[in-house]
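Working notes for the structure below.
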Amino acid sequence: MNLHQFRYVREAVRRGLNLTEAARALHTSQPGVSKAILELEEELGIQIFQRHGKRLRRVTEPGAQVLASIERILQELDNLRRIGEEYSRQESGTLSIATTHTQARYTLPGPIAALRRRFPAVRVALHQGNPEQVARMLIDGAADIGLATESLEEHAELITLPCYDWQHVAVVPAGHPLAEGPPLTLEQLAAQPLVSYHPSFTGRRRIDQAFAQRRLAPDFVLEAIDADVIKTYVRLGLGVGLVAEMAMREDTDPAAAAAVTTAGAALPGALVARPVGHLFGRNLSRVAFRRGAYLRHFVYTFAELLSDRLTRALIERAVAGGGADYEL
């Protein structure tokens, strides 16, 4: 048996048992993949896959155990490679980060800049996607660390740790009827056209759940994955924005937001953010690592820069299998 066979089996499963797709991903031929898998099955004396003709139908019971062993072997191989890279290039390498747009735009600039000051020879590869894509990049080994609010804790292959909590804010132009007054209510928001995130991003599920529990039908006139886009349309008067509070740090200049002309009109571009955590609750952004992965020293440093709740000792214990349920 050899590593090529292991990789072919793993890729076949990742590609939904489609050998043509697996071969394309591995830059080889479909007959070559099929032959390698058959040879491994013959050597092991079991069927890894149940077949219908030449097509793979499902993973057999012993095949599932073989697949679990293959995953461990290939992960340890990847760990060996990383160890070699780290000790041959102590202060250099690439930190691959998988994250969502909101985290990349508003949370990561400071920690990344601090990491680069500490490790000027370390390059940063920033991969953006939705939370499920972030999880998949970690599982596939394309990223060292992931940061998102949704989905990460739903994958057994990952270990996740709380990073920071945050709330949504309602964003309106200065002078809007909701720009001031008592705390906002769900009924007030439901009566307005709303501009917010796509349902798979940035805590949107909490927003939908809160309205549904009160049997309210909000009018989302525009959905986006980018808070800057949402704010642009709020400025144009399209509706009330619902965004993550960190997306407003650069916009909520109190003097500018409150300024009005003598005629009572809001100055162009001035936005007011009203906290709505009392309506939608607090959200928890989490960092994630592939379970059992070998992490280079600058990965630990970057995690510590993200949050003072994260320490190398905590991460090492978690990744090594010392538990998966960590709370703030």
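Residues are named by chain letter and number: chains run A, B, ... in the order of the structure tokens, numbers start at 1 in each chain, and ligands are numbered from 1 in the order shown.
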Write out as a PDB file with C-alpha atoms, in the first residue's frame which residues come within 7 Å of region 64-74 of chain A when counting only C-alpha atoms, dropping same-chain ones fewer than 4 positions away.
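Dumped to part.pdb:
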ATOM      1  CA  PHE A   6      -4.682   6.704   0.443  1.00  0.00           C
ATOM      2  CA  ARG A  10      -9.907  10.146   0.416  1.00  0.00           C
ATOM      3  CA  VAL A  59     -18.607   3.426   1.735  1.00  0.00           C
ATOM      4  CA  THR A  60     -18.841   0.010   3.408  1.00  0.00           C
ATOM      5  CA  ASP A  78       0.975  16.945   6.743  1.00  0.00           C
TER       6      ASP A  78
END
Q. Got a sec: who's within 8 Å of Ala148 (chain A), counting only C-alpha atoms, leaving out chain neighbours fewer than 3 positions off, as a list in words?
A. Thr99, Thr100, Gln103, Pro131, Val134, Ser151, Leu152, Thr202, Ser285, Arg286 and Val287 of chain A
I need the residues from that last selection saved to file as an mmCIF file, in the first residue's frame (with N, CA, C and O atoms), if you can.
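The new file part_6.cif reads:
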data_model
loop_
_atom_site.group_PDB
_atom_site.id
_atom_site.type_symbol
_atom_site.label_atom_id
_atom_site.label_comp_id
_atom_site.auth_asym_id
_atom_site.auth_seq_id
_atom_site.Cartn_x
_atom_site.Cartn_y
_atom_site.Cartn_z
ATOM 1 N N THR A 99 -11.793 32.992 6.458
ATOM 2 C CA THR A 99 -12.714 33.807 7.237
ATOM 3 C C THR A 99 -13.784 34.415 6.346
ATOM 4 O O THR A 99 -13.762 34.275 5.121
ATOM 5 N N THR A 100 -14.740 35.067 6.968
ATOM 6 C CA THR A 100 -15.807 35.751 6.241
ATOM 7 C C THR A 100 -15.391 37.197 5.951
ATOM 8 O O THR A 100 -14.412 37.702 6.508
ATOM 9 N N GLN A 103 -15.252 39.579 9.128
ATOM 10 C CA GLN A 103 -14.068 39.387 9.963
ATOM 11 C C GLN A 103 -12.822 39.929 9.258
ATOM 12 O O GLN A 103 -11.986 40.589 9.881
ATOM 13 N N PRO A 131 -19.433 30.899 5.949
ATOM 14 C CA PRO A 131 -18.965 30.083 7.076
ATOM 15 C C PRO A 131 -18.744 28.610 6.731
ATOM 16 O O PRO A 131 -17.794 27.992 7.219
ATOM 17 N N VAL A 134 -15.512 28.345 4.958
ATOM 18 C CA VAL A 134 -14.416 28.497 5.917
ATOM 19 C C VAL A 134 -14.116 27.158 6.584
ATOM 20 O O VAL A 134 -12.963 26.736 6.694
ATOM 21 N N SER A 151 -21.494 28.037 11.892
ATOM 22 C CA SER A 151 -21.141 26.766 11.236
ATOM 23 C C SER A 151 -19.906 26.055 11.758
ATOM 24 O O SER A 151 -19.843 24.834 11.695
ATOM 25 N N LEU A 152 -18.912 26.761 12.272
ATOM 26 C CA LEU A 152 -17.650 26.107 12.582
ATOM 27 C C LEU A 152 -17.801 24.987 13.611
ATOM 28 O O LEU A 152 -17.185 23.934 13.495
ATOM 29 N N THR A 202 -23.015 36.248 9.254
ATOM 30 C CA THR A 202 -22.926 37.262 10.301
ATOM 31 C C THR A 202 -24.149 37.315 11.208
ATOM 32 O O THR A 202 -24.752 38.362 11.430
ATOM 33 N N SER A 285 -18.256 34.934 17.906
ATOM 34 C CA SER A 285 -17.320 34.575 16.842
ATOM 35 C C SER A 285 -16.304 33.603 17.409
ATOM 36 O O SER A 285 -15.807 33.773 18.527
ATOM 37 N N ARG A 286 -15.996 32.571 16.621
ATOM 38 C CA ARG A 286 -15.117 31.511 17.090
ATOM 39 C C ARG A 286 -13.937 31.333 16.142
ATOM 40 O O ARG A 286 -14.065 31.544 14.940
ATOM 41 N N VAL A 287 -12.806 30.943 16.715
ATOM 42 C CA VAL A 287 -11.674 30.515 15.901
ATOM 43 C C VAL A 287 -11.722 29.000 15.828
ATOM 44 O O VAL A 287 -12.211 28.335 16.750
#
(Q) Could you check the closest approach to Ile37 (chain A) for each of A:Ser200, A:Gln5, A:Ser307, A:Thr20 and tell me which residue wins, using only C-alpha atoms? (A) A:Gln5
Q: Quote the spacing between CA of Val169 (chain A) and CA of Leu242 (chain A) in Å to one decimal place.
A: 5.7 Å
Q: Write out as a ChimeraX atom specification each polymer residue whose atoms come within 7 Å of region 157-160 of chain A, counting only C-alpha atoms; drop sequence neighbours fewer than 5 positions from it.
A: /A:139,152,286-291,318-319,324
Kindly save the residues from that selection, with all heavy atoms included, as a tab-separated table (two decimals), in the first residue's frame.
chain	number	residue	atom	x	y	z
A	139	ILE	N	-10.88	21.93	7.06
A	139	ILE	CA	-10.91	20.47	7.00
A	139	ILE	C	-10.00	19.94	5.91
A	139	ILE	O	-9.31	18.93	6.07
A	139	ILE	CB	-12.36	19.98	6.80
A	139	ILE	CG1	-13.20	20.31	8.05
A	139	ILE	CG2	-12.41	18.48	6.51
A	139	ILE	CD1	-14.70	20.12	7.86
A	152	LEU	N	-18.91	26.76	12.27
A	152	LEU	CA	-17.65	26.11	12.58
A	152	LEU	C	-17.80	24.99	13.61
A	152	LEU	O	-17.18	23.93	13.49
A	152	LEU	CB	-16.63	27.13	13.08
A	152	LEU	CG	-16.20	28.21	12.08
A	152	LEU	CD1	-15.14	29.11	12.69
A	152	LEU	CD2	-15.69	27.58	10.80
A	286	ARG	N	-16.00	32.57	16.62
A	286	ARG	CA	-15.12	31.51	17.09
A	286	ARG	C	-13.94	31.33	16.14
A	286	ARG	O	-14.07	31.54	14.94
A	286	ARG	CB	-15.89	30.19	17.20
A	286	ARG	CG	-17.14	30.27	18.05
A	286	ARG	CD	-17.86	28.93	18.12
A	286	ARG	NE	-17.16	28.00	18.97
A	286	ARG	CZ	-17.40	27.85	20.27
A	286	ARG	NH1	-18.36	28.56	20.85
A	286	ARG	NH2	-16.72	26.98	20.99
A	287	VAL	N	-12.81	30.94	16.72
A	287	VAL	CA	-11.67	30.51	15.90
A	287	VAL	C	-11.72	29.00	15.83
A	287	VAL	O	-12.21	28.34	16.75
A	287	VAL	CB	-10.32	30.97	16.47
A	287	VAL	CG1	-10.19	32.48	16.40
A	287	VAL	CG2	-10.12	30.49	17.90
A	288	ALA	N	-11.21	28.46	14.75
A	288	ALA	CA	-11.25	27.01	14.57
A	288	ALA	C	-9.93	26.53	13.99
A	288	ALA	O	-9.25	27.24	13.24
A	288	ALA	CB	-12.41	26.61	13.66
A	289	PHE	N	-9.59	25.29	14.38
A	289	PHE	CA	-8.41	24.61	13.88
A	289	PHE	C	-8.81	23.18	13.54
A	289	PHE	O	-9.75	22.64	14.13
A	289	PHE	CB	-7.30	24.58	14.93
A	289	PHE	CG	-6.97	25.91	15.54
A	289	PHE	CD1	-7.64	26.34	16.68
A	289	PHE	CD2	-6.02	26.73	14.98
A	289	PHE	CE1	-7.35	27.56	17.25
A	289	PHE	CE2	-5.72	27.96	15.54
A	289	PHE	CZ	-6.39	28.39	16.68
A	290	ARG	N	-8.10	22.58	12.62
A	290	ARG	CA	-8.36	21.18	12.32
A	290	ARG	C	-7.89	20.33	13.50
A	290	ARG	O	-6.77	20.48	13.99
A	290	ARG	CB	-7.65	20.76	11.04
A	290	ARG	CG	-8.02	19.39	10.54
A	290	ARG	CD	-7.46	19.12	9.18
A	290	ARG	NE	-6.04	19.44	9.10
A	290	ARG	CZ	-5.23	19.00	8.15
A	290	ARG	NH1	-5.69	18.25	7.18
A	290	ARG	NH2	-3.96	19.34	8.13
A	291	ARG	N	-8.74	19.42	13.94
A	291	ARG	CA	-8.41	18.59	15.09
A	291	ARG	C	-7.14	17.77	14.82
A	291	ARG	O	-7.02	17.12	13.78
A	291	ARG	CB	-9.59	17.65	15.39
A	291	ARG	CG	-9.50	16.94	16.73
A	291	ARG	CD	-10.72	16.05	16.93
A	291	ARG	NE	-11.95	16.82	17.02
A	291	ARG	CZ	-12.38	17.39	18.15
A	291	ARG	NH1	-11.68	17.26	19.26
A	291	ARG	NH2	-13.52	18.08	18.15
A	318	ALA	N	-6.64	21.90	23.37
A	318	ALA	CA	-7.86	21.68	22.60
A	318	ALA	C	-7.58	20.89	21.34
A	318	ALA	O	-8.27	19.92	21.03
A	318	ALA	CB	-8.51	23.02	22.25
A	319	VAL	N	-6.54	21.30	20.59
A	319	VAL	CA	-6.25	20.64	19.32
A	319	VAL	C	-5.81	19.20	19.54
A	319	VAL	O	-6.09	18.32	18.72
A	319	VAL	CB	-5.18	21.43	18.55
A	319	VAL	CG1	-4.70	20.68	17.33
A	319	VAL	CG2	-5.73	22.79	18.12
A	324	ALA	N	-13.90	19.86	23.60
A	324	ALA	CA	-14.37	20.67	22.49
A	324	ALA	C	-15.36	21.74	22.91
A	324	ALA	O	-15.83	22.50	22.10
A	324	ALA	CB	-15.01	19.77	21.44
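If only C-alpha atoms are the atoms counted, then among A:Leu95, A:Leu56, A:Leu40, A:Ala174 the closest residue to Asn18 (chain A) is A:Leu56.
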